[in-house]
$ cat run-v4.cif   # mmCIF, C-alpha atoms and all ligand atoms
data_my_file
#
loop_
_atom_site.label_atom_id
_atom_site.label_comp_id
_atom_site.auth_asym_id
_atom_site.auth_seq_id
_atom_site.Cartn_x
_atom_site.Cartn_y
_atom_site.Cartn_z
CA MET E 27 1.58 53.31 20.06
CA ALA E 28 -0.22 52.87 23.40
CA GLU E 29 -0.20 56.64 23.75
CA TRP E 30 -1.79 57.05 20.33
CA ASN E 31 -4.48 54.49 21.15
CA GLN E 32 -5.24 56.25 24.42
CA SER E 33 -5.77 59.62 22.84
CA GLY E 34 -7.71 57.97 20.02
CA ASP E 35 -10.01 56.26 22.54
CA LYS E 36 -10.41 59.47 24.49
CA ALA E 37 -11.35 61.47 21.40
CA TYR E 38 -13.89 58.81 20.43
CA ILE E 39 -15.50 58.67 23.88
CA ARG E 40 -15.54 62.48 24.08
CA ASN E 41 -17.44 62.66 20.84
CA GLN E 42 -19.89 59.90 21.73
CA MET E 43 -20.58 61.30 25.17
CA ALA E 44 -21.01 64.87 23.97
CA GLN E 45 -23.60 63.64 21.45
CA LYS E 46 -25.34 61.54 24.08
CA ARG E 47 -25.54 64.41 26.56
CA ASN E 48 -26.74 66.82 23.87
CA SER E 49 -29.53 64.40 22.99
CA LEU E 50 -31.07 64.59 26.49
CA SER E 51 -34.03 66.96 26.47
CA ALA E 52 -33.72 70.30 28.23
CA LEU E 53 -36.51 69.31 30.63
CA GLN E 54 -34.81 66.03 31.46
CA ARG E 55 -31.51 67.78 32.10
CA GLU E 56 -33.22 70.35 34.29
CA GLN E 57 -34.97 67.71 36.42
CA TRP E 58 -31.89 65.53 36.74
CA SER E 59 -29.73 68.54 37.54
CA LYS E 60 -32.05 69.50 40.41
CA ALA E 61 -31.95 65.95 41.77
CA ALA E 62 -28.15 65.91 41.56
CA CYS E 63 -27.99 69.26 43.37
CA MET E 64 -30.03 67.79 46.22
CA ASN E 65 -27.63 64.86 46.42
CA ALA E 66 -24.71 67.30 46.57
CA GLU E 67 -26.43 69.31 49.30
CA ALA E 68 -26.87 66.16 51.37
CA LEU E 69 -23.16 65.37 51.03
CA LEU E 70 -22.15 68.90 52.06
CA GLU E 71 -24.53 68.85 55.03
CA SER E 72 -23.47 65.42 56.24
CA ARG E 73 -19.85 66.55 56.25
CA SER E 74 -20.50 70.10 57.53
CA ILE E 75 -18.66 71.63 54.58
CA ALA E 76 -18.92 75.44 54.63
CA ALA E 77 -17.21 76.27 51.33
CA PHE E 78 -17.22 74.42 48.04
CA MET E 79 -15.96 74.85 44.52
CA ALA E 80 -18.46 74.45 41.68
CA TYR E 81 -18.70 75.47 38.03
CA VAL E 82 -21.14 77.44 35.92
CA PRO E 83 -22.67 75.12 33.31
CA PHE E 84 -21.56 75.14 29.73
CA ARG E 85 -23.17 73.38 26.75
CA SER E 86 -25.43 70.56 28.03
CA GLU E 87 -23.61 69.97 31.34
CA LEU E 88 -25.27 69.03 34.58
CA ASP E 89 -26.42 72.39 35.94
CA LEU E 90 -25.33 73.25 39.50
CA THR E 91 -27.28 76.54 39.64
CA LYS E 92 -29.61 75.25 42.37
CA LEU E 93 -26.68 74.04 44.45
CA ILE E 94 -24.93 77.40 44.20
CA GLU E 95 -28.10 79.28 45.17
CA TRP E 96 -28.67 76.86 48.06
CA GLY E 97 -25.07 77.53 49.12
CA TRP E 98 -25.66 81.27 49.20
CA LYS E 99 -28.90 80.86 51.15
CA SER E 100 -27.31 78.56 53.69
CA GLY E 101 -24.36 80.92 54.25
CA ARG E 102 -21.75 78.83 52.47
CA GLU E 103 -18.91 80.21 50.36
CA ILE E 104 -18.90 79.31 46.69
CA ILE E 105 -15.70 79.19 44.69
CA VAL E 106 -15.81 79.23 40.88
CA PRO E 107 -12.84 78.93 38.50
CA ARG E 108 -11.77 81.15 35.62
CA CYS E 109 -9.68 79.76 32.75
CA ILE E 110 -6.43 81.39 31.75
CA ALA E 111 -6.21 80.01 28.21
CA ALA E 112 -2.57 81.13 27.68
CA ASP E 113 -1.18 78.53 30.10
CA ARG E 114 -4.35 76.48 30.62
CA SER E 115 -4.40 77.31 34.32
CA MET E 116 -7.36 78.40 36.42
CA THR E 117 -7.74 81.15 39.02
CA LEU E 118 -10.30 80.73 41.80
CA HIS E 119 -12.85 83.35 42.81
CA TYR E 120 -15.54 83.65 45.47
CA LEU E 121 -18.83 84.08 43.66
CA GLN E 122 -21.43 86.05 45.61
CA SER E 123 -24.01 86.71 42.90
CA TRP E 124 -24.66 85.92 39.26
CA ASP E 125 -23.88 89.58 38.43
CA GLN E 126 -20.21 88.87 38.99
CA LEU E 127 -20.03 86.61 35.93
CA ALA E 128 -18.86 87.56 32.47
CA SER E 129 -18.26 85.51 29.34
CA GLY E 130 -14.72 84.13 29.46
CA ALA E 131 -12.52 81.74 27.50
CA TYR E 132 -14.57 79.24 25.45
CA GLY E 133 -17.68 81.37 26.08
CA ILE E 134 -18.09 79.88 29.57
CA MET E 135 -19.63 82.26 32.12
CA GLU E 136 -16.82 82.91 34.61
CA PRO E 137 -16.10 85.33 37.46
CA ASP E 138 -15.19 88.79 36.18
CA PRO E 139 -11.85 89.43 37.96
CA LEU E 140 -12.82 93.08 38.50
CA ALA E 141 -16.03 92.12 40.30
CA ALA E 142 -14.63 89.03 42.05
CA PRO E 143 -10.83 89.17 42.50
CA PRO E 144 -8.81 85.94 42.37
CA LEU E 145 -8.00 84.08 45.58
CA GLU E 146 -4.35 83.67 46.43
CA LYS E 147 -2.44 81.07 44.43
CA GLY E 148 -2.32 77.88 46.43
CA PHE E 149 -5.76 78.26 47.99
CA VAL E 150 -7.03 74.73 48.61
CA PRO E 151 -10.80 74.12 48.56
CA ASP E 152 -12.14 71.33 50.81
CA ILE E 153 -14.32 69.96 48.05
CA VAL E 154 -14.47 70.49 44.31
CA PHE E 155 -17.39 69.49 42.09
CA VAL E 156 -15.79 68.60 38.77
CA PRO E 157 -17.59 68.71 35.40
CA GLY E 158 -16.85 66.18 32.70
CA LEU E 159 -18.07 64.35 29.62
CA ALA E 160 -17.70 60.80 30.95
CA PHE E 161 -16.98 59.12 34.28
CA ASP E 162 -16.56 55.56 35.50
CA ARG E 163 -17.22 54.12 38.97
CA LYS E 164 -13.54 53.86 39.79
CA GLY E 165 -12.68 57.55 39.73
CA GLY E 166 -11.96 57.91 36.02
CA ARG E 167 -12.97 61.17 34.38
CA LEU E 168 -12.87 62.53 30.87
CA GLY E 169 -13.17 66.28 30.30
CA TYR E 170 -13.07 68.44 27.18
CA GLY E 171 -9.35 67.83 26.78
CA GLY E 172 -7.92 71.09 28.08
CA GLY E 173 -6.33 69.43 31.10
CA TYR E 174 -7.54 72.32 33.28
CA TYR E 175 -8.57 70.30 36.34
CA ASP E 176 -5.56 67.98 36.04
CA ARG E 177 -3.21 70.97 36.03
CA PHE E 178 -5.10 72.66 38.83
CA ALA E 179 -4.78 69.54 41.02
CA ALA E 180 -1.09 69.15 40.13
CA SER E 181 -0.34 72.76 41.10
CA GLN E 182 -2.16 72.32 44.42
CA LEU E 183 -0.12 69.25 45.20
CA GLU E 184 3.02 71.19 44.36
CA LEU E 185 2.10 74.17 46.56
CA ALA E 186 0.38 72.46 49.47
CA GLY E 187 1.77 68.93 49.22
CA GLU E 188 0.04 66.34 51.35
CA ALA E 189 -1.81 69.12 53.18
CA ALA E 190 -4.00 69.44 50.08
CA GLN E 191 -6.81 67.16 51.23
CA THR E 192 -9.32 68.16 48.60
CA LEU E 193 -12.26 65.89 47.87
CA TRP E 194 -12.71 65.69 44.09
CA ILE E 195 -16.30 64.84 43.25
CA GLY E 196 -17.42 64.42 39.65
CA THR E 197 -20.90 65.58 38.70
CA ALA E 198 -22.71 64.06 35.74
CA PHE E 199 -25.90 62.46 34.51
CA GLU E 200 -26.16 58.67 34.86
CA ALA E 201 -26.14 58.62 31.04
CA GLN E 202 -22.51 59.81 31.17
CA LEU E 203 -21.32 56.76 33.11
CA VAL E 204 -19.14 54.31 31.21
CA ASP E 205 -17.47 51.04 32.28
CA GLU E 206 -13.99 52.46 32.09
CA VAL E 207 -12.47 55.78 31.11
CA PRO E 208 -8.98 55.23 29.69
CA LEU E 209 -6.72 56.91 32.23
CA GLU E 210 -3.35 58.49 31.69
CA GLU E 211 -0.64 59.24 34.24
CA HIS E 212 -1.60 62.92 34.61
CA ASP E 213 -5.35 62.33 35.02
CA LEU E 214 -6.87 63.46 38.28
CA PRO E 215 -8.77 60.59 39.98
CA MET E 216 -12.18 61.42 41.47
CA HIS E 217 -13.04 60.46 45.06
CA GLY E 218 -16.71 60.24 44.23
CA LEU E 219 -19.42 61.00 41.75
CA ILE E 220 -22.79 62.68 42.09
CA THR E 221 -25.59 61.97 39.64
CA GLU E 222 -29.35 62.46 39.68
CA ARG E 223 -29.61 59.01 41.23
CA ASP E 224 -26.98 58.81 43.92
CA VAL E 225 -23.77 59.90 45.66
CA TYR E 226 -21.08 57.33 44.89
CA LEU E 227 -17.94 57.38 47.01
CA PHE E 228 -15.01 55.30 45.81
N1 LIG L 301 -18.55 74.59 33.04
C1 LIG L 301 -17.30 74.21 32.88
N2 LIG L 301 -16.32 75.03 33.17
C2 LIG L 301 -15.03 74.64 32.97
C3 LIG L 301 -14.72 73.36 32.49
C4 LIG L 301 -15.79 72.49 32.19
O1 LIG L 301 -15.62 71.33 31.79
N3 LIG L 301 -17.06 72.95 32.40
N4 LIG L 301 -13.40 73.00 32.31
C5 LIG L 301 -12.93 71.72 32.44
O2 LIG L 301 -11.80 71.44 32.26
C6 LIG L 301 -12.44 74.07 32.07
C7 LIG L 301 -12.58 74.54 30.63
N5 LIG L 301 -12.11 73.55 29.74
C8 LIG L 301 -12.38 73.51 28.39
C9 LIG L 301 -11.51 72.82 27.60
C10 LIG L 301 -11.72 72.76 26.22
C11 LIG L 301 -12.84 73.35 25.66
C12 LIG L 301 -13.08 73.26 24.20
O3 LIG L 301 -13.93 73.96 23.67
N6 LIG L 301 -12.41 72.36 23.51
C13 LIG L 301 -12.66 72.06 22.11
C14 LIG L 301 -11.78 70.93 21.71
C15 LIG L 301 -10.76 71.31 20.73
C16 LIG L 301 -9.49 71.81 21.34
O4 LIG L 301 -8.67 70.97 21.81
O5 LIG L 301 -9.30 73.02 21.37
C17 LIG L 301 -14.11 71.57 21.93
O6 LIG L 301 -14.62 70.84 22.81
O7 LIG L 301 -14.69 71.94 20.91
C18 LIG L 301 -13.72 74.02 26.48
C19 LIG L 301 -13.51 74.09 27.84
C20 LIG L 301 -12.67 75.12 33.10
N7 LIG L 301 -14.05 75.53 33.21
N1 LIG L 302 -0.31 68.50 35.27
C1 LIG L 302 -0.18 68.74 33.96
N2 LIG L 302 0.84 69.48 33.50
C2 LIG L 302 0.97 69.73 32.19
N3 LIG L 302 0.14 69.26 31.25
C3 LIG L 302 -0.89 68.53 31.63
C4 LIG L 302 -1.12 68.23 33.01
N4 LIG L 302 -2.24 67.50 33.10
C5 LIG L 302 -2.70 67.34 31.85
N5 LIG L 302 -1.90 67.95 30.95
C6 LIG L 302 -2.09 67.98 29.48
O1 LIG L 302 -3.38 68.50 29.16
C7 LIG L 302 -3.91 67.85 28.00
C8 LIG L 302 -5.35 67.42 28.18
O2 LIG L 302 -5.45 66.42 29.19
P1 LIG L 302 -6.76 65.51 29.28
O3 LIG L 302 -7.05 64.91 27.96
O4 LIG L 302 -6.61 64.60 30.45
O5 LIG L 302 -7.87 66.64 29.58
P2 LIG L 302 -9.26 66.61 30.34
O6 LIG L 302 -9.06 66.22 31.75
O7 LIG L 302 -10.19 65.80 29.52
O8 LIG L 302 -9.65 68.15 30.20
P3 LIG L 302 -10.38 69.25 31.13
O9 LIG L 302 -9.82 69.12 32.53
O10 LIG L 302 -10.06 70.55 30.49
O11 LIG L 302 -11.82 68.95 31.09
C9 LIG L 302 -2.98 66.70 27.68
O12 LIG L 302 -2.25 67.04 26.55
C10 LIG L 302 -2.10 66.58 28.91
O13 LIG L 302 -0.81 66.15 28.56
#
$ encode --input "run-v4.cif" --output "structure tokens"
Amino acid sequence: MAEWNQSGDKAYIRNQMAQKRNSLSALQREQWSKAACMNAEALLESRSIAAFMAYVPFRSELDLTKLIEWGWKSGREIIVPRCIAADRSMTLHYLQSWDQLASGAYGIMEPDPLAAPPLEKGFVPDIVFVPGLAFDRKGGRLGYGGGYYDRFAASQLELAGEAAQTLWIGTAFEAQLVDEVPLEEHDLPMHGLITERDVYLF
């Protein structure tokens, strides 16, 4: 029963938050995305992080394009995931230019494995910027329901154990913040959240 309620709540919040994010104007999203990218840059600089994992935006997500381009310009390595829909896993790829992308599962622009080969299984990024539909201020995150990031984190823990000291940082508009995301056992907790307004560390 509790399980049913949880997935019911999740589906409801997913729907609400997708509608809310879609209702933000393109200009608003662009401006807020740029501000969030600057907040992410400040975090990377303050911690001297030379490689980071990001995502290529999909639907009305917070757009990390500026952060990725800043990363290239500042000599950092950018890692981007590719979905393997068959087992809902992800492979990681260094992205060196936008030319290396091709439309993948779900129509998301992802690294073309021929142009950007996958990194070895078990590669552990120092920091991962995680997309999502809703976040709370306690580390809760709600994605599209594929469980991709949850599985990715679980496989890292399995392969690298406690040595996997990845910082998981959600990225979203303030409008996507909710009081509490209903969390399940398998859900990956975030260590922080970056919005257009601030860098929150939990
Ligand atoms: N830009 C970006 N890349 C990403 C993610 C993301 O959230 N954003 N993901 C984050 O995990 C993974 C992709 N996850 C996805 C999971 C489900 C759907 C999807 O279209 N789901 C249907 C729901 C119905 C169903 O269950 O099939 C939908 O939303 O219509 C899309 C992407 C990996 N790459
Ligand atoms: N480590 C795991 N191993 C196997 N299945 C998992 C794991 N983590 C999550 N799942 C399954 O994946 C499904 C989706 O999980 P959840 O609703 O938390 O997705 P999400 O985090 O919103 O999605 P996404 O990461 O794709 O944005 C659930 O059915 C869940 O049981």
$ residues_near_ligand --input "run-v4.cif" --ligand "ligand LIG 301 (chain L)" --cutoff "10 Å" --atoms "all atoms listed in the file" --output "MDAnalysis selection string"
chainID E and resid 37 40:41 44 80:90 106:111 114:117 130:136 156:159 168:178
$ write_last_selection --input "run-v4.cif" --atoms "C-alpha atoms" --output "CSV table (one decimal), in the frame of the given file"
chain,number,residue,atom,x,y,z
E,37,ALA,CA,-11.4,61.5,21.4
E,40,ARG,CA,-15.5,62.5,24.1
E,41,ASN,CA,-17.4,62.7,20.8
E,44,ALA,CA,-21.0,64.9,24.0
E,80,ALA,CA,-18.5,74.4,41.7
E,81,TYR,CA,-18.7,75.5,38.0
E,82,VAL,CA,-21.1,77.4,35.9
E,83,PRO,CA,-22.7,75.1,33.3
E,84,PHE,CA,-21.6,75.1,29.7
E,85,ARG,CA,-23.2,73.4,26.8
E,86,SER,CA,-25.4,70.6,28.0
E,87,GLU,CA,-23.6,70.0,31.3
E,88,LEU,CA,-25.3,69.0,34.6
E,89,ASP,CA,-26.4,72.4,35.9
E,90,LEU,CA,-25.3,73.2,39.5
E,106,VAL,CA,-15.8,79.2,40.9
E,107,PRO,CA,-12.8,78.9,38.5
E,108,ARG,CA,-11.8,81.2,35.6
E,109,CYS,CA,-9.7,79.8,32.8
E,110,ILE,CA,-6.4,81.4,31.8
E,111,ALA,CA,-6.2,80.0,28.2
E,114,ARG,CA,-4.4,76.5,30.6
E,115,SER,CA,-4.4,77.3,34.3
E,116,MET,CA,-7.4,78.4,36.4
E,117,THR,CA,-7.7,81.2,39.0
E,130,GLY,CA,-14.7,84.1,29.5
E,131,ALA,CA,-12.5,81.7,27.5
E,132,TYR,CA,-14.6,79.2,25.4
E,133,GLY,CA,-17.7,81.4,26.1
E,134,ILE,CA,-18.1,79.9,29.6
E,135,MET,CA,-19.6,82.3,32.1
E,136,GLU,CA,-16.8,82.9,34.6
E,156,VAL,CA,-15.8,68.6,38.8
E,157,PRO,CA,-17.6,68.7,35.4
E,158,GLY,CA,-16.8,66.2,32.7
E,159,LEU,CA,-18.1,64.4,29.6
E,168,LEU,CA,-12.9,62.5,30.9
E,169,GLY,CA,-13.2,66.3,30.3
E,170,TYR,CA,-13.1,68.4,27.2
E,171,GLY,CA,-9.4,67.8,26.8
E,172,GLY,CA,-7.9,71.1,28.1
E,173,GLY,CA,-6.3,69.4,31.1
E,174,TYR,CA,-7.5,72.3,33.3
E,175,TYR,CA,-8.6,70.3,36.3
E,176,ASP,CA,-5.6,68.0,36.0
E,177,ARG,CA,-3.2,71.0,36.0
E,178,PHE,CA,-5.1,72.7,38.8
$ atom_distance --input "run-v4.cif" --atom1 "atom CA of E:Phe149" --atom2 "atom CA of E:Arg163"
28.2 Å
$ closest_residue --input "run-v4.cif" --among "E:Ser129, E:Ser181, E:Thr221, E:Thr91" --to "ligand LIG 302 (chain L)" --atoms "all atoms listed in the file"
E:Ser181
$ closest_residue --input "run-v4.cif" --among "E:Phe78, E:Trp96, E:Phe161, E:Trp58" --to "ligand LIG 302 (chain L)" --atoms "only C-alpha atoms and all ligand atoms"
E:Phe161
$ closest_residue --input "run-v4.cif" --among "E:Leu53, E:Val207, E:Leu121, E:Ala68" --to "E:Pro139" --atoms "only C-alpha atoms"
E:Leu121
$ atom_distance --input "run-v4.cif" --atom1 "atom CA of E:Asp224" --atom2 "atom CA of E:Met79"
19.5 Å
$ closest_residue --input "run-v4.cif" --among "E:Glu95, E:Leu227, E:Val154, E:Gln122" --to "E:Lys60" --atoms "only C-alpha atoms"
E:Glu95
$ closest_residue --input "run-v4.cif" --among "E:Pro151, E:Gly101, E:Glu146, E:Arg73" --to "E:Ala190" --atoms "all atoms listed in the file"
E:Pro151
$ closest_residue --input "run-v4.cif" --among "E:His119, E:Leu50, E:Ala180, E:Ile39" --to "ligand LIG 302 (chain L)" --atoms "all atoms listed in the file"
E:Ala180
$ residues_around --input "run-v4.cif" --residues "E:Asn65" --least-positions-apart "3" --cutoff "12 Å" --atoms "all atoms listed in the file" --output "ChimeraX atom specification"
/E:58-62,68-72,90,92-93,195,197-198,219-226
$ residues_around --input "run-v4.cif" --residues "E:Asp205" --least-positions-apart "4" --cutoff "12 Å" --atoms "all atoms listed in the file" --output "list in words"
Ile39, Ala160, Phe161, Asp162, Arg163, Lys164, Gly165, Gly166, Arg167, Glu200 and Ala201 of chain E
$ atom_distance --input "run-v4.cif" --atom1 "atom CA of E:His212" --atom2 "atom N2 of ligand LIG 302 (chain L)"
7.1 Å
